[in-house]
file protein19.txt (compact mmCIF, C-alpha atoms and all ligand atoms)
# COMPACT_ATOMS: atom_id res chain seq x y z
CA MET A 19 -7.90 -3.29 30.52
CA ALA A 20 -7.67 -1.60 27.13
CA THR A 21 -9.86 -1.72 24.05
CA ILE A 22 -7.46 -2.37 21.22
CA GLY A 23 -7.81 -2.06 17.44
CA PHE A 24 -5.23 -4.34 15.77
CA ILE A 25 -4.42 -4.07 12.05
CA GLY A 26 -2.19 -6.69 10.39
CA LEU A 27 -2.73 -10.18 11.79
CA GLY A 28 -0.01 -12.10 9.94
CA ASN A 29 2.77 -14.35 11.24
CA MET A 30 3.56 -11.85 13.99
CA GLY A 31 0.41 -9.77 14.44
CA GLY A 32 -1.85 -12.85 14.76
CA PRO A 33 -0.16 -14.32 17.84
CA MET A 34 0.49 -10.83 19.31
CA ALA A 35 -3.23 -10.04 19.12
CA ALA A 36 -4.03 -13.45 20.65
CA ASN A 37 -1.77 -12.64 23.61
CA LEU A 38 -3.57 -9.34 24.15
CA VAL A 39 -6.86 -11.25 24.29
CA LYS A 40 -5.32 -13.74 26.73
CA ALA A 41 -4.21 -10.85 28.95
CA GLY A 42 -7.84 -9.70 29.18
CA HIS A 43 -7.83 -6.83 26.67
CA THR A 44 -10.70 -6.40 24.22
CA VAL A 45 -9.23 -6.78 20.74
CA SER A 46 -10.92 -5.95 17.47
CA GLY A 47 -8.79 -6.79 14.44
CA PHE A 48 -8.60 -6.37 10.70
CA ASP A 49 -6.45 -7.96 7.99
CA LEU A 50 -6.81 -8.19 4.22
CA ASN A 51 -6.36 -11.96 4.51
CA PRO A 52 -9.58 -13.77 5.60
CA ALA A 53 -7.59 -16.68 7.11
CA ALA A 54 -5.82 -14.26 9.46
CA LEU A 55 -9.20 -12.85 10.52
CA ASP A 56 -10.55 -16.36 11.20
CA ALA A 57 -7.56 -17.05 13.43
CA LEU A 58 -8.28 -13.90 15.46
CA GLY A 59 -11.91 -14.97 15.87
CA LYS A 60 -10.79 -18.40 17.11
CA ALA A 61 -8.41 -16.72 19.58
CA GLY A 62 -11.32 -14.77 21.09
CA GLY A 63 -10.92 -11.45 19.26
CA LYS A 64 -13.57 -9.51 17.37
CA VAL A 65 -13.37 -9.68 13.59
CA ALA A 66 -13.83 -6.30 11.88
CA LYS A 67 -14.71 -5.66 8.24
CA SER A 68 -12.31 -2.75 7.84
CA ALA A 69 -9.44 -1.02 9.60
CA ALA A 70 -11.78 1.85 10.49
CA GLU A 71 -14.25 -0.58 12.10
CA ALA A 72 -11.45 -2.29 14.04
CA VAL A 73 -10.26 0.95 15.65
CA ALA A 74 -13.69 2.42 16.43
CA GLY A 75 -13.86 3.02 20.19
CA ALA A 76 -10.26 1.85 20.76
CA SER A 77 -8.01 3.38 23.41
CA VAL A 78 -4.96 1.83 21.73
CA VAL A 79 -4.36 1.13 18.03
CA ILE A 80 -1.66 -1.36 17.03
CA THR A 81 -0.41 -2.04 13.52
CA MET A 82 1.82 -4.95 12.43
CA LEU A 83 2.20 -4.54 8.66
CA PRO A 84 4.85 -5.65 6.16
CA ALA A 85 6.64 -2.41 5.16
CA GLY A 86 6.72 1.40 5.22
CA GLU A 87 4.39 1.75 2.24
CA HIS A 88 1.66 -0.25 4.03
CA VAL A 89 2.11 1.75 7.22
CA ARG A 90 1.94 5.10 5.39
CA ASP A 91 -1.06 3.86 3.43
CA VAL A 92 -3.00 2.65 6.48
CA TYR A 93 -2.29 5.73 8.66
CA LEU A 94 -2.01 8.67 6.27
CA ASN A 95 -4.64 8.13 3.59
CA GLN A 96 -7.88 9.99 3.70
CA GLY A 97 -10.09 7.76 5.80
CA GLY A 98 -6.88 6.25 7.22
CA LEU A 99 -6.23 5.57 10.89
CA ILE A 100 -5.15 9.11 11.82
CA ASP A 101 -8.22 10.53 10.14
CA VAL A 102 -10.70 8.17 11.76
CA THR A 103 -9.20 8.28 15.29
CA LYS A 104 -8.33 11.97 15.66
CA ASP A 105 -11.36 12.73 17.82
CA ALA A 106 -11.07 9.67 20.07
CA HIS A 107 -7.33 10.18 20.83
CA PRO A 108 -6.19 6.57 21.14
CA LEU A 109 -2.47 5.88 21.51
CA LEU A 110 -1.11 4.72 18.13
CA ILE A 111 1.58 2.01 18.17
CA ASP A 112 3.22 0.76 14.98
CA CYS A 113 5.10 -2.50 15.59
CA SER A 114 6.08 -3.10 11.92
CA THR A 115 9.72 -2.84 10.86
CA ILE A 116 9.91 0.15 8.53
CA ASP A 117 12.29 2.94 7.50
CA VAL A 118 13.06 5.61 10.05
CA GLU A 119 11.81 8.35 7.71
CA SER A 120 8.33 6.80 7.31
CA ALA A 121 8.10 6.27 11.07
CA ARG A 122 8.96 9.92 11.73
CA THR A 123 6.57 11.17 9.02
CA VAL A 124 3.63 9.15 10.32
CA THR A 125 4.34 10.14 13.94
CA ALA A 126 4.65 13.83 12.99
CA THR A 127 1.32 13.66 11.13
CA ALA A 128 -0.30 11.91 14.10
CA GLU A 129 1.07 14.54 16.51
CA THR A 130 -0.21 17.35 14.30
CA ALA A 131 -3.65 15.74 14.55
CA GLY A 132 -3.28 15.70 18.36
CA LEU A 133 -2.48 11.98 18.63
CA ALA A 134 0.40 10.31 20.48
CA MET A 135 2.32 7.65 18.57
CA LEU A 136 5.09 5.13 19.20
CA ASP A 137 7.26 3.23 16.74
CA ALA A 138 7.70 -0.12 18.52
CA PRO A 139 9.31 -2.73 16.26
CA VAL A 140 10.01 -6.13 17.77
CA SER A 141 12.62 -8.82 17.91
CA GLY A 142 12.13 -12.46 18.87
CA GLY A 143 10.49 -13.98 15.80
CA THR A 144 7.21 -15.86 15.60
CA ALA A 145 8.13 -17.97 18.64
CA GLY A 146 8.56 -14.76 20.65
CA ALA A 147 5.23 -13.49 19.32
CA GLN A 148 3.47 -16.73 20.30
CA ASN A 149 5.08 -16.98 23.73
CA GLY A 150 4.67 -13.29 24.56
CA THR A 151 8.43 -12.90 24.98
CA LEU A 152 9.18 -10.31 22.29
CA THR A 153 11.69 -7.51 22.76
CA PHE A 154 10.16 -4.11 21.93
CA MET A 155 12.42 -1.25 20.81
CA VAL A 156 10.34 1.83 21.27
CA GLY A 157 10.69 5.33 19.87
CA GLY A 158 8.51 8.24 20.96
CA THR A 159 7.96 10.68 23.78
CA GLU A 160 8.38 9.63 27.40
CA ASP A 161 4.65 10.23 27.97
CA ALA A 162 3.58 8.04 25.05
CA PHE A 163 6.00 5.32 26.18
CA THR A 164 4.57 5.35 29.70
CA ARG A 165 1.05 5.15 28.26
CA GLY A 166 1.85 2.19 25.98
CA LYS A 167 4.10 0.10 28.24
CA ALA A 168 1.42 -2.02 29.95
CA VAL A 169 -0.09 -3.10 26.62
CA LEU A 170 3.34 -3.95 25.20
CA GLU A 171 4.05 -6.03 28.31
CA ALA A 172 1.19 -8.35 27.35
CA MET A 173 3.13 -9.22 24.17
CA GLY A 174 6.75 -8.96 25.23
CA LYS A 175 9.27 -9.56 27.97
CA ASN A 176 11.72 -6.71 27.36
CA ILE A 177 10.33 -3.26 26.63
CA PHE A 178 13.01 -0.65 25.90
CA HIS A 179 12.56 3.07 25.37
CA ALA A 180 15.19 3.72 22.68
CA GLY A 181 14.65 7.49 22.32
CA GLY A 182 12.46 9.91 20.38
CA PRO A 183 10.31 9.18 17.29
CA GLY A 184 12.06 6.76 14.88
CA ALA A 185 14.61 5.57 17.48
CA GLY A 186 12.87 2.19 17.80
CA GLN A 187 13.17 1.64 14.04
CA ALA A 188 16.81 2.75 14.09
CA VAL A 189 17.67 0.10 16.71
CA LYS A 190 15.67 -2.52 14.83
CA ILE A 191 17.41 -2.06 11.47
CA CYS A 192 20.82 -2.19 13.16
CA ASN A 193 19.73 -5.39 14.96
CA ASN A 194 18.50 -7.06 11.79
CA MET A 195 21.57 -6.02 9.82
CA MET A 196 23.72 -7.76 12.45
CA LEU A 197 21.41 -10.81 12.42
CA ALA A 198 21.48 -11.07 8.60
CA ILE A 199 25.29 -11.14 8.61
CA ASN A 200 25.41 -13.51 11.57
CA MET A 201 23.06 -16.04 9.94
CA VAL A 202 25.35 -16.23 6.91
CA GLY A 203 28.32 -16.72 9.25
CA VAL A 204 26.63 -19.58 11.12
CA SER A 205 25.62 -21.15 7.78
CA GLU A 206 29.20 -21.03 6.51
CA GLY A 207 30.43 -22.62 9.75
CA PHE A 208 27.98 -25.52 9.63
CA LEU A 209 28.65 -26.17 5.94
CA LEU A 210 32.41 -26.21 6.49
CA ALA A 211 31.96 -28.48 9.51
CA GLU A 212 30.06 -30.98 7.38
CA LYS A 213 32.84 -30.99 4.78
CA LEU A 214 35.32 -31.59 7.60
CA GLY A 215 33.34 -34.65 8.69
CA LEU A 216 31.84 -33.14 11.84
CA ASP A 217 28.42 -33.96 13.25
CA TRP A 218 26.12 -30.89 13.32
CA ASN A 219 24.72 -31.76 16.75
CA LYS A 220 28.19 -32.02 18.21
CA LEU A 221 29.27 -28.74 16.56
CA HIS A 222 26.15 -27.04 17.89
CA GLN A 223 26.62 -28.39 21.41
CA ILE A 224 30.20 -27.12 21.56
CA CYS A 225 29.83 -23.77 19.75
CA ALA A 226 26.71 -22.85 21.73
CA THR A 227 28.98 -22.66 24.77
CA ALA A 228 31.98 -21.24 22.90
CA THR A 229 32.76 -17.81 21.45
CA ALA A 230 30.80 -18.35 18.22
CA ASN A 231 27.53 -18.54 20.14
CA SER A 232 24.71 -16.31 18.95
CA TRP A 233 20.91 -16.32 18.78
CA ALA A 234 21.12 -17.62 15.19
CA LEU A 235 23.29 -20.52 16.30
CA SER A 236 21.70 -21.53 19.59
CA ASN A 237 18.00 -20.78 18.95
CA TYR A 238 17.56 -20.77 15.20
CA CYS A 239 20.25 -23.07 13.78
CA PRO A 240 20.02 -22.96 9.95
CA ALA A 241 21.34 -26.53 9.64
CA PRO A 242 18.54 -29.05 10.26
CA GLY A 243 18.77 -31.16 13.42
CA PRO A 244 20.41 -29.41 16.37
CA VAL A 245 17.48 -27.07 17.26
CA PRO A 246 14.21 -28.99 16.76
CA ALA A 247 12.01 -25.85 16.87
CA ALA A 248 14.05 -24.02 14.19
CA PRO A 249 12.53 -23.44 10.71
CA SER A 250 15.35 -25.55 9.19
CA ASN A 251 13.47 -28.63 10.45
CA ARG A 252 10.24 -27.79 8.63
CA ASP A 253 11.56 -27.04 5.16
CA TYR A 254 12.30 -23.46 6.25
CA ALA A 255 8.65 -22.49 6.76
CA PRO A 256 8.70 -18.99 8.31
CA GLY A 257 9.45 -17.72 10.93
CA PHE A 258 10.78 -14.58 9.37
CA ALA A 259 10.55 -14.59 5.59
CA ALA A 260 13.70 -14.06 3.49
CA ALA A 261 11.84 -11.34 1.54
CA LEU A 262 11.33 -9.42 4.80
CA MET A 263 15.01 -9.79 5.63
CA VAL A 264 15.88 -8.33 2.21
CA LYS A 265 13.57 -5.42 3.05
CA ASP A 266 15.24 -4.86 6.42
CA VAL A 267 18.84 -5.04 5.15
CA LYS A 268 17.89 -2.64 2.36
CA LEU A 269 16.61 -0.30 5.07
CA SER A 270 19.90 -0.58 6.94
CA GLN A 271 21.87 -0.01 3.73
CA ALA A 272 19.84 3.07 2.83
CA ALA A 273 20.35 4.41 6.36
CA ALA A 274 24.09 3.62 6.20
CA GLU A 275 24.37 5.35 2.83
CA ALA A 276 22.62 8.44 4.16
CA ALA A 277 24.72 8.47 7.34
CA GLY A 278 28.02 7.64 5.57
CA SER A 279 28.60 4.50 7.66
CA PRO A 280 30.59 1.55 6.21
CA THR A 281 28.61 -1.73 5.95
CA PRO A 282 30.53 -3.96 3.49
CA LEU A 283 29.48 -7.28 5.08
CA ALA A 284 25.82 -6.25 5.16
CA ALA A 285 26.06 -5.41 1.45
CA LYS A 286 27.43 -8.91 0.78
CA ALA A 287 24.80 -10.56 2.97
CA LEU A 288 22.06 -8.58 1.22
CA SER A 289 23.23 -9.89 -2.16
CA PHE A 290 22.89 -13.47 -0.79
CA TYR A 291 19.36 -12.96 0.56
CA GLN A 292 18.41 -11.23 -2.69
CA GLN A 293 19.53 -14.33 -4.62
CA VAL A 294 17.50 -16.51 -2.25
CA VAL A 295 14.45 -14.40 -3.10
CA ASP A 296 15.27 -14.36 -6.83
CA GLN A 297 15.37 -18.17 -6.93
CA GLY A 298 11.82 -18.26 -5.52
CA ASP A 299 12.45 -18.76 -1.80
CA GLY A 300 11.39 -15.28 -0.60
CA GLY A 301 8.50 -16.82 1.34
CA LYS A 302 10.79 -19.26 3.16
CA ASP A 303 12.42 -18.40 6.46
CA PHE A 304 15.57 -16.30 6.03
CA SER A 305 17.68 -19.14 7.47
CA VAL A 306 17.11 -20.85 4.10
CA VAL A 307 20.23 -18.88 3.11
CA PHE A 308 21.99 -21.99 4.50
CA ARG A 309 20.45 -24.19 1.80
CA TRP A 310 21.19 -21.57 -0.88
CA LEU A 311 24.82 -21.40 0.25
CA ALA A 312 25.11 -25.21 0.20
CA GLN A 313 24.31 -25.07 -3.54
CA GLN A 314 27.10 -22.58 -4.31
CA LYS A 315 30.51 -23.50 -5.64
CA ARG A 316 33.60 -22.26 -3.82
CA HIS A 317 34.74 -20.12 -6.78
P1 LIG A 401 3.10 -11.06 7.43
O1 LIG A 401 3.22 -10.81 5.97
O2 LIG A 401 2.92 -12.46 7.94
O3 LIG A 401 1.88 -10.18 8.03
C1 LIG A 401 1.53 -8.91 7.57
C2 LIG A 401 0.01 -8.88 7.51
O4 LIG A 401 -0.40 -7.56 7.16
C3 LIG A 401 -0.57 -9.83 6.46
O5 LIG A 401 -1.47 -10.73 7.09
C4 LIG A 401 -1.28 -8.90 5.47
O6 LIG A 401 -2.45 -9.45 4.93
C5 LIG A 401 -1.58 -7.70 6.36
N1 LIG A 401 -1.81 -6.46 5.62
C6 LIG A 401 -1.05 -5.90 4.66
N2 LIG A 401 -1.60 -4.73 4.25
C7 LIG A 401 -2.73 -4.55 4.99
C8 LIG A 401 -3.72 -3.54 5.06
N3 LIG A 401 -3.68 -2.48 4.27
N4 LIG A 401 -4.73 -3.70 5.94
C9 LIG A 401 -4.79 -4.78 6.73
N5 LIG A 401 -3.88 -5.78 6.74
C10 LIG A 401 -2.86 -5.66 5.88
O7 LIG A 401 4.40 -10.40 8.08
P2 LIG A 401 4.97 -10.65 9.56
O8 LIG A 401 5.98 -11.73 9.53
O9 LIG A 401 3.84 -10.72 10.52
O10 LIG A 401 5.77 -9.28 9.76
C11 LIG A 401 5.10 -8.06 10.03
C12 LIG A 401 6.15 -7.02 10.36
O11 LIG A 401 6.92 -7.46 11.49
C13 LIG A 401 7.16 -6.76 9.22
O12 LIG A 401 7.47 -5.41 9.18
C14 LIG A 401 8.35 -7.60 9.64
O13 LIG A 401 9.56 -7.10 9.10
C15 LIG A 401 8.29 -7.48 11.14
N6 LIG A 401 8.90 -8.60 11.90
C16 LIG A 401 8.67 -9.89 11.56
C17 LIG A 401 9.27 -10.90 12.30
C18 LIG A 401 9.06 -12.36 11.96
O14 LIG A 401 9.79 -13.21 12.52
N7 LIG A 401 8.11 -12.70 11.11
C19 LIG A 401 10.08 -10.59 13.40
C20 LIG A 401 10.25 -9.27 13.75
C21 LIG A 401 9.65 -8.26 12.99
call {"tool": "encode", "arguments": {"input": "protein19.txt", "output": "structure tokens", "more": "lines below"}}
Ligand code: NAD
result
Amino acid sequence: MATIGFIGLGNMGGPMAANLVKAGHTVSGFDLNPAALDALGKAGGKVAKSAAEAVAGASVVITMLPAGEHVRDVYLNQGGLIDVTKDAHPLLIDCSTIDVESARTVTATAETAGLAMLDAPVSGGTAGAQNGTLTFMVGGTEDAFTRGKAVLEAMGKNIFHAGGPGAGQAVKICNNMMLAINMVGVSEGFLLAEKLGLDWNKLHQICATATANSWALSNYCPAPGPVPAAPSNRDYAPGFAAALMVKDVKLSQAAAEAAGSPTPLAAKALSFYQQVVDQGDGGKDFSVVFRWLAQQKRH
């Protein structure tokens, strides 16, 4: 069993750390938010007063932070994670969704300091984090992947080695770009169905077995009712916040711009999620785009 330092115990990191405890690992965690630390304590983890304290003596360090700036800050600063762990040689695993460039920069800095690092963003939402059924998309060397796999298996069901450093993040931003577009598509379908006098449950039942089926439709339906566990039934409490979706689609758009790849629908979807955030719903689940769309006029 591993001794794990876990930084970032939010909607995702909290339940992921709890699953590591459940699997028998020793977990010491840190978060800027005291409520998140309390939750780790209740789940059987050790509560640390700083990131440096959390990773002291760890054989594996895991981070689950909002964005690239937080990841760079936590790893690269003087007194940051690379600095304080370079003599103990733990495996570093960043599970946050961040830009490919930041992932590669942090990994390169870690490797220069003699540390192995994986970028291992996840898919599966907070339910996947709670149930230990996340999909991990992992970038890094074969050796580092082999070293980290057992720990990732305590938090996820599907662990994929996507390629070298940054490859996990590249898969993740493509995944979320597709999801962002798809959620708007499902929302448009359910809104039109309502106008056509259809019952949402009936629509869901049929389309979940027809060609429109998708994760957004069958597991996370943005129209309230058909999927009881979906955020749409609890006033769009996250789940996966709309502000984080804006961040991810911006990452995909920046990558598409740099690579010269056409993404016109993602650009449109991004403008919708941005308006959701601008009207004050950035903290709601991203499926709240359904409610935003319902308020729009056709022209
Ligand atoms: P969150 O905002 O709930 O959690 C992030 C946590 O990091 C917060 O508790 C915050 O206090 C903490 N934090 C920030 N800076 C810190 C620092 N310097 N030191 C210690 N703690 C710090 O976000 P989340 O929903 O858990 O998402 C985390 C990452 O996972 C994001 O990159 C997100 O895009 C990605 N993700 C989220 C979901 C989801 O469904 N929520 C799904 C897949 C991937």
call {"tool": "closest_residue", "arguments": {"input": "protein19.txt", "among": "A:Gly31, A:Gly278, A:Gly298, A:Gly181", "to": "ligand LIG 401 (chain A)", "atoms": "only C-alpha atoms and all ligand atoms"}}
result
A:Gly31
call {"tool": "atom_distance", "arguments": {"input": "protein19.txt", "atom1": "CA of Pro108 in chain A", "atom2": "CA of Thr144 in chain A"}}
result
26.7 Å
call {"tool": "closest_atom_pairs", "arguments": {"input": "protein19.txt", "of": "chain A", "to": "ligand LIG 401 (chain A)", "cutoff": "6 Å", "atoms": "all atoms listed in the file", "output": "tab-separated table"}}
result
residue	atom	partner	partner_atom	distance
A:Ile25	CA	A:LIG401	C9	5.4
A:Gly26	CA	A:LIG401	O4	3.8
A:Leu27	CA	A:LIG401	O5	4.9
A:Gly28	CA	A:LIG401	O3	3.3
A:Asn29	CA	A:LIG401	O2	3.8
A:Met30	CA	A:LIG401	O9	3.7
A:Gly31	CA	A:LIG401	O9	5.3
A:Phe48	CA	A:LIG401	C9	5.7
A:Asp49	CA	A:LIG401	N5	3.6
A:Leu50	CA	A:LIG401	N5	4.6
A:Asn51	CA	A:LIG401	O6	4.7
A:Met82	CA	A:LIG401	C11	5.1
A:Leu83	CA	A:LIG401	O4	4.3
A:Pro84	CA	A:LIG401	C13	4.0
A:Ala85	CA	A:LIG401	O12	5.1
A:His88	CA	A:LIG401	N2	5.5
A:Val92	CA	A:LIG401	N3	5.6
A:Ser114	CA	A:LIG401	O12	3.8
A:Thr115	CA	A:LIG401	O12	3.8
A:Val140	CA	A:LIG401	C20	5.1
A:Ser141	CA	A:LIG401	C20	4.8
A:Gly143	CA	A:LIG401	O14	3.4
A:Thr144	CA	A:LIG401	O14	4.8
A:Gly257	CA	A:LIG401	O14	4.8
A:Phe258	CA	A:LIG401	O14	3.6
A:Leu262	CA	A:LIG401	O13	5.2
call {"tool": "residues_around", "arguments": {"input": "protein19.txt", "residues": "range 226-238 of chain A", "least_positions_apart": "2", "cutoff": "7 Å", "atoms": "all atoms listed in the file", "output": "ChimeraX atom specification"}}
result
/A:200-201,204,222-224,240,245,248
call {"tool": "closest_residue", "arguments": {"input": "protein19.txt", "among": "A:Gly42, A:Gly142, A:Gly23, A:Gly301", "to": "Ile111 in chain A", "atoms": "all atoms listed in the file"}}
result
A:Gly23
call {"tool": "atom_distance", "arguments": {"input": "protein19.txt", "atom1": "CA of Ala41 in chain A", "atom2": "CA of Thr159 in chain A"}}
result
25.3 Å
call {"tool": "atom_distance", "arguments": {"input": "protein19.txt", "atom1": "CA of Pro249 in chain A", "atom2": "CA of Ala35 in chain A"}}
result
22.3 Å
call {"tool": "closest_residue", "arguments": {"input": "protein19.txt", "among": "A:Asp91, A:Asp137, A:Asp299, A:Asp101", "to": "Lys190 in chain A", "atoms": "all atoms listed in the file"}}
result
A:Asp137
call {"tool": "residues_around", "arguments": {"input": "protein19.txt", "residues": "Ala255 in chain A", "least_positions_apart": "2", "cutoff": "6 Å", "atoms": "only C-alpha atoms", "output": "ChimeraX atom specification"}}
result
/A:249,252-253,302-303
call {"tool": "residues_around", "arguments": {"input": "protein19.txt", "residues": "range 129-131 of chain A", "least_positions_apart": "5", "cutoff": "9 Å", "atoms": "only C-alpha atoms", "output": "list in words"}}
result
Ile100, Asp101, Lys104, Asp105 and Val124 of chain A
call {"tool": "decode", "arguments": {"input": "protein19.txt", "residues": "range 156-168 of chain A", "atoms": "N, CA and C atoms", "output": "PDB file, in the first residue's frame"}}
result
ATOM      1  N   VAL A 156      -3.868   8.866 -19.459  1.00  0.00           N
ATOM      2  CA  VAL A 156      -2.574   9.115 -18.835  1.00  0.00           C
ATOM      3  C   VAL A 156      -1.477   9.389 -19.863  1.00  0.00           C
ATOM      4  N   GLY A 157      -0.748  10.467 -19.620  1.00  0.00           N
ATOM      5  CA  GLY A 157       0.429  10.770 -20.430  1.00  0.00           C
ATOM      6  C   GLY A 157       1.677  10.627 -19.582  1.00  0.00           C
ATOM      7  N   GLY A 158       2.756  10.125 -20.190  1.00  0.00           N
ATOM      8  CA  GLY A 158       4.008   9.971 -19.446  1.00  0.00           C
ATOM      9  C   GLY A 158       4.765   8.764 -19.962  1.00  0.00           C
ATOM     10  N   THR A 159       5.904   8.499 -19.366  1.00  0.00           N
ATOM     11  CA  THR A 159       6.706   7.362 -19.829  1.00  0.00           C
ATOM     12  C   THR A 159       6.033   6.047 -19.437  1.00  0.00           C
ATOM     13  N   GLU A 160       6.397   5.007 -20.136  1.00  0.00           N
ATOM     14  CA  GLU A 160       5.883   3.658 -19.847  1.00  0.00           C
ATOM     15  C   GLU A 160       6.196   3.276 -18.389  1.00  0.00           C
ATOM     16  N   ASP A 161       7.414   3.588 -17.954  1.00  0.00           N
ATOM     17  CA  ASP A 161       7.827   3.248 -16.587  1.00  0.00           C
ATOM     18  C   ASP A 161       6.963   3.944 -15.541  1.00  0.00           C
ATOM     19  N   ALA A 162       6.746   5.254 -15.761  1.00  0.00           N
ATOM     20  CA  ALA A 162       5.943   6.016 -14.795  1.00  0.00           C
ATOM     21  C   ALA A 162       4.511   5.494 -14.790  1.00  0.00           C
ATOM     22  N   PHE A 163       4.004   5.142 -15.969  1.00  0.00           N
ATOM     23  CA  PHE A 163       2.634   4.613 -16.062  1.00  0.00           C
ATOM     24  C   PHE A 163       2.517   3.308 -15.272  1.00  0.00           C
ATOM     25  N   THR A 164       3.482   2.436 -15.453  1.00  0.00           N
ATOM     26  CA  THR A 164       3.466   1.141 -14.748  1.00  0.00           C
ATOM     27  C   THR A 164       3.502   1.373 -13.235  1.00  0.00           C
ATOM     28  N   ARG A 165       4.296   2.358 -12.834  1.00  0.00           N
ATOM     29  CA  ARG A 165       4.434   2.664 -11.394  1.00  0.00           C
ATOM     30  C   ARG A 165       3.126   3.198 -10.801  1.00  0.00           C
ATOM     31  N   GLY A 166       2.388   3.999 -11.606  1.00  0.00           N
ATOM     32  CA  GLY A 166       1.206   4.679 -11.064  1.00  0.00           C
ATOM     33  C   GLY A 166      -0.089   3.905 -11.197  1.00  0.00           C
ATOM     34  N   LYS A 167      -0.094   2.848 -12.026  1.00  0.00           N
ATOM     35  CA  LYS A 167      -1.360   2.204 -12.406  1.00  0.00           C
ATOM     36  C   LYS A 167      -2.174   1.684 -11.200  1.00  0.00           C
ATOM     37  N   ALA A 168      -1.494   1.028 -10.262  1.00  0.00           N
ATOM     38  CA  ALA A 168      -2.222   0.413  -9.145  1.00  0.00           C
ATOM     39  C   ALA A 168      -2.953   1.469  -8.319  1.00  0.00           C
TER      40      ALA A 168
END
